[in-house]
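Have a look at the structure below before the remarks.
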Amino acid sequence: MQIRLLSVLSLVLGIVFFSSCKKNEPVPGGNQNVESTFNQMFPNATQVEWETKSDYWIADFRHDGTDKTAWFESNGIWKMTESDETFNRLPEIVKNAFKAGEYSSWRVEDVDILDRLNYERLFVIEIEQGESEADLFYTNTGSLVKIEFDSNDDDYFNQLPTSIASGIETFIQTRYPGATIVEIDQEDNMIEVEILFEMSKVEVYFDQAENWLHSSRDVSYQQVIQTVKDMLATTEYASWHIDDIDFIEVPEYNFYKFELEQGNQEVTVQIKEDGTFLNDPVNPPTHPAIEEWIQNRYPNAQILEIEQENGMTKVEILFENIEIDVYFDGNDTWIRSERDVLQNQVPAVVMTTLQNSEYANFQIDDIDFIEILDYNFYQFELEQNDHDLIVKIREDGTFIDGDPINPPTNPTIEEWIQNRYPNAQIVEIEQENGMTKVEILFNYVEIEVYFDGNQAWLFSQRDVLQHDVSEVVMQALNASTYNMWLIDDIEFFETPEYNYYEFELESGEQEHIMKIKEDGTIF
């Protein structure tokens with residue numbers, strides 16, 4: 001027995017000794033800048049392994065008993081470190097936030113810490129329940145700033161810090177002293193910078209010229225100033241349930257935006273810091289011709305706001321305690337009206353049609369009731385895993401536009417699609433820039449197929465992930481002068497002559513489009 005125990009002990013010590021003495025790999029290409037920064041930051045690193053991705057040098061290693069991954073630019077600038085962690089060693093405020101959240105019943109699969117250059121530290125709790133997985137991103141204040149479901153970003157490549165324009169950085173530090181950056185993103189042609197300021201998450205928006213547009217943050221009722229509370233208490237909504245409150249800053253003034261509900265009714269009220277209404281329910285802006293039309297169709301409706309939107313006049317009204325958006329063209333002619341509805345407000349005949357379709361198992365994300373001149377219909381936003389779909393059903397239960405059973409078709413085009421994409425489902429057909437665009441669902445992949453005016457096929461395109469790209473194409477990209485650039489997006493194109501991948505690449509402020517055929521030829 002003693003000999004056996006000594007043998008086991010020797011084996012264990014041998015494994016430990018071998019692991020600790022494993023030779024560190026050299027930095028790829030002998031990059032002295034990266035090596036110098038790495039050695040300064042992690043002098044006790046062992047088991048170092050290197051790889052490159054886009055224009056980053058990546059080190060996997062062990063440091064002070066913790067497995068880590070560090071990312072560096074070619075000039076040696078450190079960008080991010082991922083550190084393995086356990087749930088029990090997280091800050092109490094983060095653990096308590098998770099335990100009090102809606103995902104507390106999910107199983108914790110893994111925990112990581114992300115430290116990034118000039119960005120807020122993030123604690124990532126990877127959770128799963130059944131076949132669903134999610135990454136929860138918390139700050140050191142316990143704020144849940146982001147949720148990613150079924151993410152393929154296993155190495156946190158998408159969390160690398162983005163360079164911030166000097167004008168934006170100066171504005172943020174001037175208006176929000178001591179703020180730290182959580183994330184930078186492009187949204188609807190705006191630059192969105194998410195910051196942590198005085199323990200609160202603030203979303204700050206700029207246009208492409210770096211001009212500040214507005215800032216928004218969630219606040220509690222206790223944080224609302226008394227002047228605003230007093231004004232809300234004088235309205236007919238004083239007894240309504242407050243579902244959400246945002247504090248919004250714009251260049252001209254600041255205001256509070258209240259999302260209120262009572263039963264199935266919802267309304268939004270906006271009150272400036274001085275207690276005056278932004279969308280004044282007592283004296284809203286009016287437009288005589290439009291107001292007359294609204295009163296005829298929606299008797300006693302209350303106009304909350306009138307604004308111009310994409311060449312149309314959008315009028316937000318309150319009718320029978322329901323918010324409705326009503327749209328008119330430049331001649332004040334009514335185009336459509338739309339409002340949010342709940343599933344229990346949808347007629348049985350419409351729900352039956354949806355439930356008898358192949359989308360019965362899709363999750364309903366949102367429902368709008370839309371009125372137009374010819375008929376009324378319900379628009380469902382559906383989702384399943386990474387697939388999103390819009391289905392429109394008339395009040396009589398028949399499909400329109402994206403009819404998954406009997407979609408509007410063009411016989412020649414439909415026949416061509418079935419030959420090339422057997423059993424594909426036509427989601428929508430529309431005219432776009434003199435072409436016919438057909439959106440199909442083929443093997444659960446959304447593809448856009450384009451035809452000319454003579455119904456001749458022009459090309460097809462779809463989004464793909466990097467691991468879907470063939471090896472020969474990636475080799476061609478890696479052998480090019482852009483091999484160190486960041487891949488922002490990839491699309492796969494089919495044409496009558498050949499198929500190719502289109503890469504959207506970026507490096508700092510520079511952007512480049514590269515097209516590579518399936519055989520690896522760059523053109």
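Residue numbering restarts at 1 for every chain of the structure tokens, chains are lettered A, B, ... in their displayed order, and ligands are numbered from 1 as they appear.
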- Message: Going by DSSP on the backbone, which residues of stretch 37-131 of chain A come out as alpha helix (DSSP H)? List them as a ChimeraX atom specification.
- Response: /A:37-41,92-100
Contacts of stretch 33-140 of chain A with stretch 152-163 of chain A up to 12 Å, shortest pair per row, only C-alpha atoms, as a Markdown table:
```
| residue | atom | partner | partner_atom | distance |
| --- | --- | --- | --- | --- |
| A:Thr52 | CA | A:Phe157 | CA | 11.9 |
| A:Lys53 | CA | A:Phe157 | CA | 9.2 |
| A:Ser54 | CA | A:Phe157 | CA | 10.0 |
| A:Asp55 | CA | A:Phe157 | CA | 11.6 |
| A:Tyr56 | CA | A:Phe157 | CA | 10.0 |
| A:Trp57 | CA | A:Phe157 | CA | 12.0 |
| A:Ile58 | CA | A:Asp155 | CA | 10.3 |
| A:Ala59 | CA | A:Asp155 | CA | 11.7 |
| A:Asp60 | CA | A:Asp155 | CA | 10.9 |
| A:Lys68 | CA | A:Asp155 | CA | 11.2 |
| A:Thr69 | CA | A:Asp155 | CA | 8.7 |
| A:Ala70 | CA | A:Asp155 | CA | 10.4 |
| A:Trp71 | CA | A:Leu160 | CA | 8.5 |
| A:Phe72 | CA | A:Leu160 | CA | 10.3 |
| A:Glu73 | CA | A:Leu160 | CA | 11.1 |
| A:Ile77 | CA | A:Pro161 | CA | 11.9 |
| A:Trp78 | CA | A:Pro161 | CA | 10.4 |
| A:Lys79 | CA | A:Pro161 | CA | 6.8 |
| A:Met80 | CA | A:Leu160 | CA | 6.4 |
| A:Thr81 | CA | A:Leu160 | CA | 9.4 |
| A:Glu82 | CA | A:Tyr156 | CA | 8.1 |
| A:Ser83 | CA | A:Asp155 | CA | 11.3 |
| A:Asp84 | CA | A:Asp155 | CA | 11.9 |
| A:Asp110 | CA | A:Asp154 | CA | 11.5 |
| A:Asp112 | CA | A:Tyr156 | CA | 10.1 |
| A:Ile113 | CA | A:Tyr156 | CA | 10.7 |
| A:Leu114 | CA | A:Gln159 | CA | 8.6 |
| A:Asp115 | CA | A:Leu160 | CA | 9.6 |
| A:Arg116 | CA | A:Pro161 | CA | 6.3 |
| A:Leu117 | CA | A:Pro161 | CA | 6.6 |
| A:Asn118 | CA | A:Pro161 | CA | 7.9 |
| A:Tyr119 | CA | A:Pro161 | CA | 6.9 |
| A:Glu120 | CA | A:Pro161 | CA | 9.9 |
| A:Arg121 | CA | A:Pro161 | CA | 11.2 |
| A:Leu122 | CA | A:Gln159 | CA | 9.9 |
| A:Val124 | CA | A:Tyr156 | CA | 10.2 |
| A:Glu126 | CA | A:Asp154 | CA | 10.5 |
| A:Glu133 | CA | A:Asn152 | CA | 10.5 |
| A:Ala134 | CA | A:Asn152 | CA | 10.4 |
| A:Asp135 | CA | A:Asp153 | CA | 9.8 |
| A:Phe137 | CA | A:Gln159 | CA | 10.6 |
```
- Extract the full set of strand (DSSP E) residues from stretch 199-293 of chain A according to DSSP on the backbone, and format it as a ChimeraX atom specification. /A:200-206,212-218,241-249,254-262,265-272
Write the residues of the preceding selection, restricted to C-alpha atoms, as a PDB file, in the first residue's frame.
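Produced file again-v1.pdb, reproduced below:
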```pdb
ATOM      1  CA  SER A 200     -25.516  54.563 -13.225  1.00  0.00           C
ATOM      2  CA  LYS A 201     -25.440  53.305 -16.797  1.00  0.00           C
ATOM      3  CA  VAL A 202     -25.857  56.189 -19.256  1.00  0.00           C
ATOM      4  CA  GLU A 203     -26.270  55.853 -23.023  1.00  0.00           C
ATOM      5  CA  VAL A 204     -24.790  58.852 -24.844  1.00  0.00           C
ATOM      6  CA  TYR A 205     -25.567  59.376 -28.542  1.00  0.00           C
ATOM      7  CA  PHE A 206     -23.592  61.345 -31.146  1.00  0.00           C
ATOM      8  CA  TRP A 212     -23.847  65.233 -29.106  1.00  0.00           C
ATOM      9  CA  LEU A 213     -27.501  64.373 -29.724  1.00  0.00           C
ATOM     10  CA  HIS A 214     -28.876  63.139 -26.407  1.00  0.00           C
ATOM     11  CA  SER A 215     -28.201  60.989 -23.346  1.00  0.00           C
ATOM     12  CA  SER A 216     -30.541  58.556 -21.640  1.00  0.00           C
ATOM     13  CA  ARG A 217     -30.538  56.601 -18.382  1.00  0.00           C
ATOM     14  CA  ASP A 218     -33.020  54.578 -16.349  1.00  0.00           C
ATOM     15  CA  HIS A 241     -48.761  52.143 -12.830  1.00  0.00           C
ATOM     16  CA  ILE A 242     -45.278  53.443 -13.695  1.00  0.00           C
ATOM     17  CA  ASP A 243     -43.661  50.766 -15.835  1.00  0.00           C
ATOM     18  CA  ASP A 244     -40.422  52.604 -16.609  1.00  0.00           C
ATOM     19  CA  ILE A 245     -38.771  56.022 -16.209  1.00  0.00           C
ATOM     20  CA  ASP A 246     -35.951  57.446 -18.326  1.00  0.00           C
ATOM     21  CA  PHE A 247     -34.065  60.648 -17.644  1.00  0.00           C
ATOM     22  CA  ILE A 248     -33.147  62.166 -21.002  1.00  0.00           C
ATOM     23  CA  GLU A 249     -30.741  65.018 -21.665  1.00  0.00           C
ATOM     24  CA  ASN A 254     -33.590  67.732 -19.729  1.00  0.00           C
ATOM     25  CA  PHE A 255     -36.775  65.777 -19.176  1.00  0.00           C
ATOM     26  CA  TYR A 256     -38.252  62.633 -17.643  1.00  0.00           C
ATOM     27  CA  LYS A 257     -40.016  60.090 -19.836  1.00  0.00           C
ATOM     28  CA  PHE A 258     -42.653  57.999 -18.024  1.00  0.00           C
ATOM     29  CA  GLU A 259     -44.011  54.783 -19.516  1.00  0.00           C
ATOM     30  CA  LEU A 260     -47.358  54.258 -17.782  1.00  0.00           C
ATOM     31  CA  GLU A 261     -49.894  51.451 -17.956  1.00  0.00           C
ATOM     32  CA  GLN A 262     -53.313  50.603 -16.636  1.00  0.00           C
ATOM     33  CA  GLN A 265     -53.619  50.472 -21.827  1.00  0.00           C
ATOM     34  CA  GLU A 266     -50.245  52.160 -22.155  1.00  0.00           C
ATOM     35  CA  VAL A 267     -49.179  55.792 -22.490  1.00  0.00           C
ATOM     36  CA  THR A 268     -45.933  57.768 -22.525  1.00  0.00           C
ATOM     37  CA  VAL A 269     -45.710  61.128 -20.713  1.00  0.00           C
ATOM     38  CA  GLN A 270     -42.671  63.420 -20.918  1.00  0.00           C
ATOM     39  CA  ILE A 271     -42.126  66.202 -18.380  1.00  0.00           C
ATOM     40  CA  LYS A 272     -39.272  68.725 -18.349  1.00  0.00           C
TER      41      LYS A 272
END
```
- Message: Give me, as JSON, numbers by chain, all polymer residues having an atom no more than 10 Å from A:Gln510, counting only C-alpha atoms and skipping those fewer than 4 positions away in the same chain.
- Response: {"A": [485, 505, 506]}
- Item | Shortest interatomic distance to A:Ser151 - which of A:Leu458, A:Glu395, A:Leu465, A:Ser357, counting only C-alpha atoms | A:Leu465
- Between atom CA of A:Glu518 and atom CA of A:Gln475, measure the distance and give it in Å to one decimal. 11.3 Å
- Message: I want to know what sits within 9 Å of A:Ala97, based on only C-alpha atoms, with residues of the same chain fewer than 2 positions away left out; could you give that as number ranges by chain?
- Response: A: 92-95, 99-101, 138, 142-144
Keeping only all heavy atoms, write those residues as a short mmCIF file (atom, residue, chain, number, x, y, z; two decimals), in the first residue's frame.
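Output file out-v9.cif follows:
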```cif
data_model
loop_
_atom_site.label_atom_id
_atom_site.label_comp_id
_atom_site.auth_asym_id
_atom_site.auth_seq_id
_atom_site.Cartn_x
_atom_site.Cartn_y
_atom_site.Cartn_z
N GLU A 92 -19.47 40.75 -3.86
CA GLU A 92 -20.79 40.46 -3.30
C GLU A 92 -21.89 41.20 -4.04
O GLU A 92 -22.98 40.65 -4.25
CB GLU A 92 -20.81 40.85 -1.81
CG GLU A 92 -20.03 39.92 -0.91
CD GLU A 92 -20.57 38.49 -0.94
OE1 GLU A 92 -21.80 38.32 -0.96
OE2 GLU A 92 -19.75 37.55 -0.94
N ILE A 93 -21.60 42.44 -4.45
CA ILE A 93 -22.65 43.23 -5.12
C ILE A 93 -23.03 42.60 -6.46
O ILE A 93 -24.19 42.65 -6.88
CB ILE A 93 -22.18 44.69 -5.30
CG1 ILE A 93 -23.36 45.58 -5.71
CG2 ILE A 93 -21.05 44.79 -6.34
CD1 ILE A 93 -23.02 47.06 -5.67
N VAL A 94 -22.08 41.95 -7.14
CA VAL A 94 -22.37 41.28 -8.41
C VAL A 94 -23.14 39.99 -8.16
O VAL A 94 -24.13 39.69 -8.84
CB VAL A 94 -21.07 41.00 -9.18
CG1 VAL A 94 -21.37 40.19 -10.45
CG2 VAL A 94 -20.39 42.31 -9.54
N LYS A 95 -22.70 39.21 -7.16
CA LYS A 95 -23.41 37.96 -6.84
C LYS A 95 -24.85 38.25 -6.42
O LYS A 95 -25.77 37.55 -6.84
CB LYS A 95 -22.66 37.23 -5.72
CG LYS A 95 -21.35 36.61 -6.16
CD LYS A 95 -20.79 35.65 -5.11
CE LYS A 95 -20.31 36.39 -3.90
NZ LYS A 95 -19.62 35.49 -2.95
N LYS A 99 -28.34 36.94 -8.11
CA LYS A 99 -29.31 36.16 -7.33
C LYS A 99 -30.68 36.83 -7.29
O LYS A 99 -31.70 36.16 -7.16
CB LYS A 99 -28.79 35.96 -5.91
CG LYS A 99 -27.55 35.06 -5.84
CD LYS A 99 -26.99 34.99 -4.42
CE LYS A 99 -25.74 34.13 -4.37
NZ LYS A 99 -25.15 34.10 -2.99
N ALA A 100 -30.69 38.17 -7.40
CA ALA A 100 -31.97 38.90 -7.36
C ALA A 100 -32.57 39.07 -8.75
O ALA A 100 -33.69 39.58 -8.88
CB ALA A 100 -31.76 40.28 -6.72
N GLY A 101 -31.85 38.67 -9.79
CA GLY A 101 -32.31 38.87 -11.16
C GLY A 101 -33.20 37.75 -11.67
O GLY A 101 -33.38 36.72 -11.02
N TYR A 138 -21.96 42.19 -16.10
CA TYR A 138 -22.19 43.08 -14.96
C TYR A 138 -20.98 44.01 -14.78
O TYR A 138 -19.83 43.63 -15.06
CB TYR A 138 -22.35 42.28 -13.66
CG TYR A 138 -23.61 41.45 -13.58
CD1 TYR A 138 -23.65 40.15 -14.07
CD2 TYR A 138 -24.76 41.96 -12.98
CE1 TYR A 138 -24.80 39.38 -13.98
CE2 TYR A 138 -25.93 41.20 -12.88
CZ TYR A 138 -25.93 39.90 -13.39
OH TYR A 138 -27.07 39.14 -13.30
N GLY A 142 -22.67 46.12 -9.86
CA GLY A 142 -23.79 45.18 -9.91
C GLY A 142 -24.79 45.49 -11.00
O GLY A 142 -25.84 44.84 -11.07
N SER A 143 -24.51 46.46 -11.86
CA SER A 143 -25.43 46.80 -12.95
C SER A 143 -25.31 45.78 -14.08
O SER A 143 -24.20 45.49 -14.54
CB SER A 143 -25.12 48.19 -13.50
OG SER A 143 -25.30 49.17 -12.52
N LEU A 144 -26.44 45.23 -14.50
CA LEU A 144 -26.46 44.32 -15.65
C LEU A 144 -26.55 45.18 -16.90
O LEU A 144 -27.59 45.76 -17.20
CB LEU A 144 -27.66 43.38 -15.56
CG LEU A 144 -27.85 42.39 -16.70
CD1 LEU A 144 -26.64 41.47 -16.84
CD2 LEU A 144 -29.12 41.56 -16.49
#
```
- Query: Skipping near chain neighbours, those fewer than 6 positions away, what residues fall within 10 Å of A:Asn211 using only C-alpha atoms, listed as an NGL selection string?
  - Reply: :A and (167-168 or 171 or 190-191 or 205)
- Task: Determine the nearest neighbour of A:Pro411 from the options A:Gln455, A:Asn321, A:Thr139, A:Ser220, counting only C-alpha atoms.
- Result: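 Between A:Gln455, A:Asn321, A:Thr139, A:Ser220, the residue approaching A:Pro411 most closely is A:Gln455.
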